Structure formats: C-alpha cells, structure tokens
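First the structure, in the form of structure tokens, and then the observations on it.
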Amino acid sequence: MTESTEVIEEILESIGLDKDYRTNSLTLLEKGESRYLRDLKLNFTSILTSAQLSAKECALLGLSIAVNNNNAPLTAYFTKYAETQEATAAEIAEAVGCASLLACNNVFYRFRHFTQKEKYTQIPARIRMQLMMKPVTGKEFFELMSLAVSAVNGCEMCVNSHEDSLIKLATTEERIFDAIRIASLVTATGKVIF
C-alpha cells in the first residue's frame with residue numbers, strides 16, 4: 001500500500017466513507033502520489049476546530065457550504081457531525097435553508113450588481129426571505145452562514161452586505177475570517193470528494 005493510498009483511506013474514514021471509495025480526482029491524486037493529499041487531510045481536519053467558532057457552528061457552517069455545493073458525502077458528514085455537537089433538527093434545517101436561499105439571492109443580486117441598471121433596483125424582487133427574519137441559530141450566526149455561502153458563490157454585493165451586517169452586530173473580523181476559511185476548505189475538499 002502506498003503512502004497516498006493510506007492518506008486517502010484516512011481521509012475517507014474520517015468522512016465516514018468506505019476505504020475503497022474513489023472519485024476520478026482522488027484516483028488521479030493517488031496515482032500521482034500527490035503531496036497535496038496530506039494537505040487535504042490536514043485542511044479537512046482543521047475545519048472542525050476554531051478559536052472563533054464553536055464545534056456546532058463549524059458543523060453547521062460546513063453543512064451549509066456542502067449543501068450549497070451539492071456535495072452528498074460532505075452533506076451527510078456535516079449533518080452527522082452537527083448532530084454529535086447537539087445541533088437541533090431545526091438548526092440543521094436552517095443551515096440547509098440558508099444555502100438554498102442564499103444561492104437564490106446570490107444569483108439575483110449578482111445580476112443587479114453586474115448590470116448596474118437603476119431600473120432593476122426599482123422592480124420588486126418578489127423573493128420570500130422569512131428564514132432571515134427570526135433564525136433559530138440567531139441573527140449573527142445566520143448572517144455568518146449567509147456571508148460564507150455568498151463568498152463561495154462569488155456575489156460581491158451580498159458579501160459586502162452580510163459582512164457589514166456582521167460588523168454592526170459586533171462580530172469580530174477574526175470570527176468572520178475563520179468562517180470564510182472554513183467555507184473555503186469545505187469547498188476545496190468537495191473538489192475531490194463528491
């Protein structure tokens with residue numbers, strides 16, 4: 001067994017996948033004996049720890065990004081991890097709902113931003129957003145998930161809006177930064193495990 005195969009098996013075991021599970025991306029990394037596999041393992045492990053976020057928040061944030069990225073194995077993993085961190089069914093559902101709602105908003109507001117036409121800002125959006133009004137995870141954390149999803153989806157207008165809301169809610173820049181770090185690592189993992 002090669003070192004690459006061992007590292008892949010360790011990653012897969014930590015995610016709860018069979019050691020023989022492979023995607024084309026994992027196979028290419030394995031065949032090439034890529035040093036990146038060790039980075040991938042350490043990066044994935046670092047998603048679960050933060051000086052700025054609780055373990056439950058890391059889990060819910062990871063879940064929201066996995067759902068946003070339509071990644072079934074990581075969605076299953078972060079759902080289970082959130083449950084072990086005592087996230088309620090309502091909190092888990094809210095992380096899923098946040099991913100869906102923000103995907104919608106990111107398309108809509110990115111369009112408005114790209115076109116920069118006043119007319120489009122005058123037409124009502126007609127998008128229901130009740131989930132944002134009284135989130136079960138709390139306004140601050142819902143904004144944090146919203147920011148992370150928006151960053152992954154590349155919506156400048158939404159990123160700026162959510163970051164501004166978080167600062168007004170007295171969220172530290174370190175907490176914001178760590179949420180984005182976690183979102184980026186979940187996205188990176190999802191490029192090879194999907």
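Identifiers in the structure tokens: chain A, B, ... in order shown; residue index from 1 per chain; ligand index from 1 in order shown.
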
Stretch 104-193 of chain A near stretch 55-60 of chain A within 9 Å: what's each residue's closest atom pair and its distance in Å to one decimal, counting only C-alpha atoms, ordered by chain then ascending residue number, as JSON lines?
```
{"residue": "A:Phe141", "atom": "CA", "partner": "A:Glu57", "partner_atom": "CA", "distance": 7.9}
{"residue": "A:Met145", "atom": "CA", "partner": "A:Leu60", "partner_atom": "CA", "distance": 8.3}
{"residue": "A:Ala179", "atom": "CA", "partner": "A:Cys58", "partner_atom": "CA", "distance": 7.9}
{"residue": "A:Ile182", "atom": "CA", "partner": "A:Cys58", "partner_atom": "CA", "distance": 7.5}
```

Next, write the just-selected residues to a file, as an mmCIF file, in the first residue's frame, keeping C-alpha atoms as the atom set.
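Written output follows (result22.cif):
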```
data_model
loop_
_atom_site.group_PDB
_atom_site.id
_atom_site.type_symbol
_atom_site.label_atom_id
_atom_site.label_comp_id
_atom_site.auth_asym_id
_atom_site.auth_seq_id
_atom_site.Cartn_x
_atom_site.Cartn_y
_atom_site.Cartn_z
ATOM 1 C CA PHE A 141 -24.766 33.190 13.051
ATOM 2 C CA MET A 145 -23.543 31.419 7.190
ATOM 3 C CA ALA A 179 -15.972 31.320 8.775
ATOM 4 C CA ILE A 182 -13.893 27.003 6.801
#
```

What's around A:Leu40 at 9 Å? Count only C-alpha atoms, leave out sequence neighbours fewer than 6 positions away in its own chain, and write the answer as a VMD selection string. chain A and resid 11 185 188 to 189

Skipping near chain neighbours, those fewer than 4 positions away, what residues fall within 12 Å of A:Leu166 using only C-alpha atoms, listed as a list in words?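 The filter keeps Gly138, Lys139, Glu140, Phe141, Phe142, Glu143, Leu144, Met145, Ser146, Leu147, Ala148, Val159, Asn160, Ser161, His162, Ala170, Thr171, Thr172, Glu173, Glu174, Arg175, Ile176, Phe177 and Ala179 of chain A.
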
Just the selected residues (N, CA and C atoms), exported as a PDB file, in the first residue's frame, please.
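Final output, part-v8.pdb:
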```
ATOM      1  N   GLY A 138     -29.940  32.177  15.452  1.00  0.00           N
ATOM      2  CA  GLY A 138     -29.616  33.541  15.867  1.00  0.00           C
ATOM      3  C   GLY A 138     -29.223  34.385  14.668  1.00  0.00           C
ATOM      4  N   LYS A 139     -29.519  35.662  14.758  1.00  0.00           N
ATOM      5  CA  LYS A 139     -29.269  36.585  13.645  1.00  0.00           C
ATOM      6  C   LYS A 139     -27.788  36.622  13.255  1.00  0.00           C
ATOM      7  N   GLU A 140     -26.913  36.697  14.244  1.00  0.00           N
ATOM      8  CA  GLU A 140     -25.483  36.808  13.954  1.00  0.00           C
ATOM      9  C   GLU A 140     -24.964  35.582  13.219  1.00  0.00           C
ATOM     10  N   PHE A 141     -25.298  34.388  13.707  1.00  0.00           N
ATOM     11  CA  PHE A 141     -24.766  33.190  13.051  1.00  0.00           C
ATOM     12  C   PHE A 141     -25.401  32.981  11.683  1.00  0.00           C
ATOM     13  N   PHE A 142     -26.673  33.315  11.529  1.00  0.00           N
ATOM     14  CA  PHE A 142     -27.308  33.190  10.219  1.00  0.00           C
ATOM     15  C   PHE A 142     -26.615  34.121   9.220  1.00  0.00           C
ATOM     16  N   GLU A 143     -26.283  35.322   9.660  1.00  0.00           N
ATOM     17  CA  GLU A 143     -25.544  36.265   8.803  1.00  0.00           C
ATOM     18  C   GLU A 143     -24.170  35.692   8.440  1.00  0.00           C
ATOM     19  N   LEU A 144     -23.536  35.017   9.394  1.00  0.00           N
ATOM     20  CA  LEU A 144     -22.225  34.420   9.154  1.00  0.00           C
ATOM     21  C   LEU A 144     -22.317  33.317   8.101  1.00  0.00           C
ATOM     22  N   MET A 145     -23.343  32.449   8.217  1.00  0.00           N
ATOM     23  CA  MET A 145     -23.543  31.419   7.190  1.00  0.00           C
ATOM     24  C   MET A 145     -23.849  32.066   5.841  1.00  0.00           C
ATOM     25  N   SER A 146     -24.675  33.110   5.872  1.00  0.00           N
ATOM     26  CA  SER A 146     -25.043  33.805   4.632  1.00  0.00           C
ATOM     27  C   SER A 146     -23.813  34.401   3.958  1.00  0.00           C
ATOM     28  N   LEU A 147     -22.934  34.981   4.751  1.00  0.00           N
ATOM     29  CA  LEU A 147     -21.695  35.540   4.218  1.00  0.00           C
ATOM     30  C   LEU A 147     -20.840  34.446   3.595  1.00  0.00           C
ATOM     31  N   ALA A 148     -20.703  33.325   4.283  1.00  0.00           N
ATOM     32  CA  ALA A 148     -19.866  32.235   3.780  1.00  0.00           C
ATOM     33  C   ALA A 148     -20.406  31.679   2.458  1.00  0.00           C
ATOM     34  N   VAL A 159     -21.698  39.633  -0.276  1.00  0.00           N
ATOM     35  CA  VAL A 159     -20.571  39.544   0.658  1.00  0.00           C
ATOM     36  C   VAL A 159     -20.445  40.855   1.426  1.00  0.00           C
ATOM     37  N   ASN A 160     -20.448  41.959   0.710  1.00  0.00           N
ATOM     38  CA  ASN A 160     -20.309  43.262   1.374  1.00  0.00           C
ATOM     39  C   ASN A 160     -21.470  43.543   2.323  1.00  0.00           C
ATOM     40  N   SER A 161     -22.677  43.205   1.906  1.00  0.00           N
ATOM     41  CA  SER A 161     -23.859  43.453   2.731  1.00  0.00           C
ATOM     42  C   SER A 161     -23.828  42.623   4.012  1.00  0.00           C
ATOM     43  N   HIS A 162     -23.525  41.325   3.894  1.00  0.00           N
ATOM     44  CA  HIS A 162     -23.507  40.451   5.082  1.00  0.00           C
ATOM     45  C   HIS A 162     -22.333  40.780   6.003  1.00  0.00           C
ATOM     46  N   ALA A 170     -21.486  43.507  15.948  1.00  0.00           N
ATOM     47  CA  ALA A 170     -20.303  43.402  16.809  1.00  0.00           C
ATOM     48  C   ALA A 170     -19.547  42.079  16.650  1.00  0.00           C
ATOM     49  N   THR A 171     -19.669  41.472  15.482  1.00  0.00           N
ATOM     50  CA  THR A 171     -18.889  40.269  15.180  1.00  0.00           C
ATOM     51  C   THR A 171     -17.454  40.691  14.900  1.00  0.00           C
ATOM     52  N   THR A 172     -16.506  39.941  15.432  1.00  0.00           N
ATOM     53  CA  THR A 172     -15.103  40.292  15.192  1.00  0.00           C
ATOM     54  C   THR A 172     -14.692  39.892  13.775  1.00  0.00           C
ATOM     55  N   GLU A 173     -13.722  40.607  13.259  1.00  0.00           N
ATOM     56  CA  GLU A 173     -13.200  40.267  11.936  1.00  0.00           C
ATOM     57  C   GLU A 173     -12.535  38.895  11.949  1.00  0.00           C
ATOM     58  N   GLU A 174     -11.984  38.499  13.092  1.00  0.00           N
ATOM     59  CA  GLU A 174     -11.372  37.171  13.203  1.00  0.00           C
ATOM     60  C   GLU A 174     -12.425  36.071  13.052  1.00  0.00           C
ATOM     61  N   ARG A 175     -13.590  36.283  13.638  1.00  0.00           N
ATOM     62  CA  ARG A 175     -14.685  35.304  13.524  1.00  0.00           C
ATOM     63  C   ARG A 175     -15.159  35.223  12.073  1.00  0.00           C
ATOM     64  N   ILE A 176     -15.315  36.368  11.441  1.00  0.00           N
ATOM     65  CA  ILE A 176     -15.715  36.412  10.025  1.00  0.00           C
ATOM     66  C   ILE A 176     -14.682  35.693   9.166  1.00  0.00           C
ATOM     67  N   PHE A 177     -13.425  36.016   9.380  1.00  0.00           N
ATOM     68  CA  PHE A 177     -12.341  35.423   8.604  1.00  0.00           C
ATOM     69  C   PHE A 177     -12.329  33.902   8.749  1.00  0.00           C
ATOM     70  N   ALA A 179     -14.826  31.909   9.483  1.00  0.00           N
ATOM     71  CA  ALA A 179     -15.972  31.320   8.775  1.00  0.00           C
ATOM     72  C   ALA A 179     -15.664  31.181   7.290  1.00  0.00           C
TER      73      ALA A 179
END
```

Just list the residues in stretch 13-133 of chain A DSSP gives helix (DSSP H, G or I) on the backbone, as a PyMOL selection string. chain A and resi 13-15+24-31+36-46+55-68+72-84+89-115+118-122+130-132

Need to verify the contact set: A:Val107, 9 Å, only C-alpha atoms, exclusion of same-chain residues closer than 5 positions in sequence. Can you return it as a tab-separated table (two decimals) with C-alpha atoms, in the first residue's frame?
```
chain	number	residue	atom	x	y	z
A	102	LEU	CA	-28.51	32.46	-0.45
A	112	ARG	CA	-28.35	43.55	-10.27
A	153	ASN	CA	-20.88	31.81	-4.79
A	155	CYS	CA	-21.56	37.58	-5.02
```

What does the distance between atom CA of A:Tyr109 and atom CA of A:Val152 come to in Å, to one decimal place?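 The value is 14.5 Å.
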
Pick out the closest residue to A:Lys191 from this set: A:Leu17, A:Ile127, A:Cys158, A:Leu26. Count only C-alpha atoms. A:Leu26

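Note that atom CA of A:Gln85 and atom CA of A:Ser54 are 9.1 Å apart.
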
Find the residues around A:Ile65 up to 8 Å (only C-alpha atoms counted), leave out those fewer than 5 positions away in its own chain, and share them as an MDAnalysis selection string. chainID A and resid 99 148:149 152 183 186:187

Expected file contents, prior selection, all heavy atoms, as an mmCIF file, in the first residue's frame:
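The result, stored in again20.cif:
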```
data_model
loop_
_atom_site.group_PDB
_atom_site.id
_atom_site.type_symbol
_atom_site.label_atom_id
_atom_site.label_comp_id
_atom_site.auth_asym_id
_atom_site.auth_seq_id
_atom_site.Cartn_x
_atom_site.Cartn_y
_atom_site.Cartn_z
ATOM 1 N N ALA A 99 -28.422 27.788 2.719
ATOM 2 C CA ALA A 99 -27.705 27.514 1.470
ATOM 3 C C ALA A 99 -28.607 27.734 0.264
ATOM 4 O O ALA A 99 -28.206 28.356 -0.728
ATOM 5 C CB ALA A 99 -27.170 26.081 1.476
ATOM 6 N N ALA A 148 -20.703 33.325 4.283
ATOM 7 C CA ALA A 148 -19.866 32.235 3.780
ATOM 8 C C ALA A 148 -20.406 31.679 2.458
ATOM 9 O O ALA A 148 -19.641 31.481 1.508
ATOM 10 C CB ALA A 148 -19.768 31.130 4.834
ATOM 11 N N VAL A 149 -21.706 31.450 2.390
ATOM 12 C CA VAL A 149 -22.301 30.952 1.142
ATOM 13 C C VAL A 149 -22.112 31.980 0.028
ATOM 14 O O VAL A 149 -21.745 31.640 -1.097
ATOM 15 C CB VAL A 149 -23.794 30.605 1.322
ATOM 16 C CG1 VAL A 149 -24.448 30.268 -0.013
ATOM 17 C CG2 VAL A 149 -23.958 29.428 2.292
ATOM 18 N N VAL A 152 -18.553 31.870 -1.283
ATOM 19 C CA VAL A 152 -18.353 30.707 -2.152
ATOM 20 C C VAL A 152 -18.996 30.945 -3.523
ATOM 21 O O VAL A 152 -18.425 30.611 -4.554
ATOM 22 C CB VAL A 152 -18.918 29.415 -1.498
ATOM 23 C CG1 VAL A 152 -18.959 28.261 -2.488
ATOM 24 C CG2 VAL A 152 -18.099 29.045 -0.266
ATOM 25 N N ALA A 183 -15.358 27.779 5.021
ATOM 26 C CA ALA A 183 -16.099 27.637 3.758
ATOM 27 C C ALA A 183 -15.165 27.277 2.608
ATOM 28 O O ALA A 183 -15.496 26.438 1.764
ATOM 29 C CB ALA A 183 -16.859 28.925 3.447
ATOM 30 N N VAL A 186 -14.080 23.517 3.037
ATOM 31 C CA VAL A 186 -15.148 22.582 2.664
ATOM 32 C C VAL A 186 -15.261 22.526 1.140
ATOM 33 O O VAL A 186 -15.374 21.447 0.547
ATOM 34 C CB VAL A 186 -16.498 22.988 3.291
ATOM 35 C CG1 VAL A 186 -17.643 22.122 2.758
ATOM 36 C CG2 VAL A 186 -16.437 22.906 4.811
ATOM 37 N N THR A 187 -15.177 23.681 0.496
ATOM 38 C CA THR A 187 -15.243 23.735 -0.968
ATOM 39 C C THR A 187 -14.074 22.987 -1.590
ATOM 40 O O THR A 187 -14.256 22.223 -2.538
ATOM 41 C CB THR A 187 -15.287 25.209 -1.442
ATOM 42 O OG1 THR A 187 -16.459 25.829 -0.894
ATOM 43 C CG2 THR A 187 -15.325 25.303 -2.949
#
```

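Here the question is which of A:Tyr36, A:Phe114, A:Phe78, A:Phe108 gets nearest to A:Glu3 using only C-alpha atoms, and that residue is A:Tyr36.
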
Students should find that atom CA of A:Thr137 and atom CA of A:Leu42 are spaced 28.2 Å

So which residues touch A:Ser14 within 12 Å, counting only C-alpha atoms, skipping near sequence neighbours fewer than 2 positions away, as a count of residues only? 21

Selected residue of minimal separation from A:Met157 among A:Ser50, A:Asn106, A:Thr5, A:Ser100, counting only C-alpha atoms: A:Asn106

I'd like to know which of A:Glu33, A:Asp39, A:Met129, A:Gly190 is closest to A:Thr75, using only C-alpha atoms.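 Ranking A:Glu33, A:Asp39, A:Met129, A:Gly190 by distance to A:Thr75, first place goes to A:Gly190.
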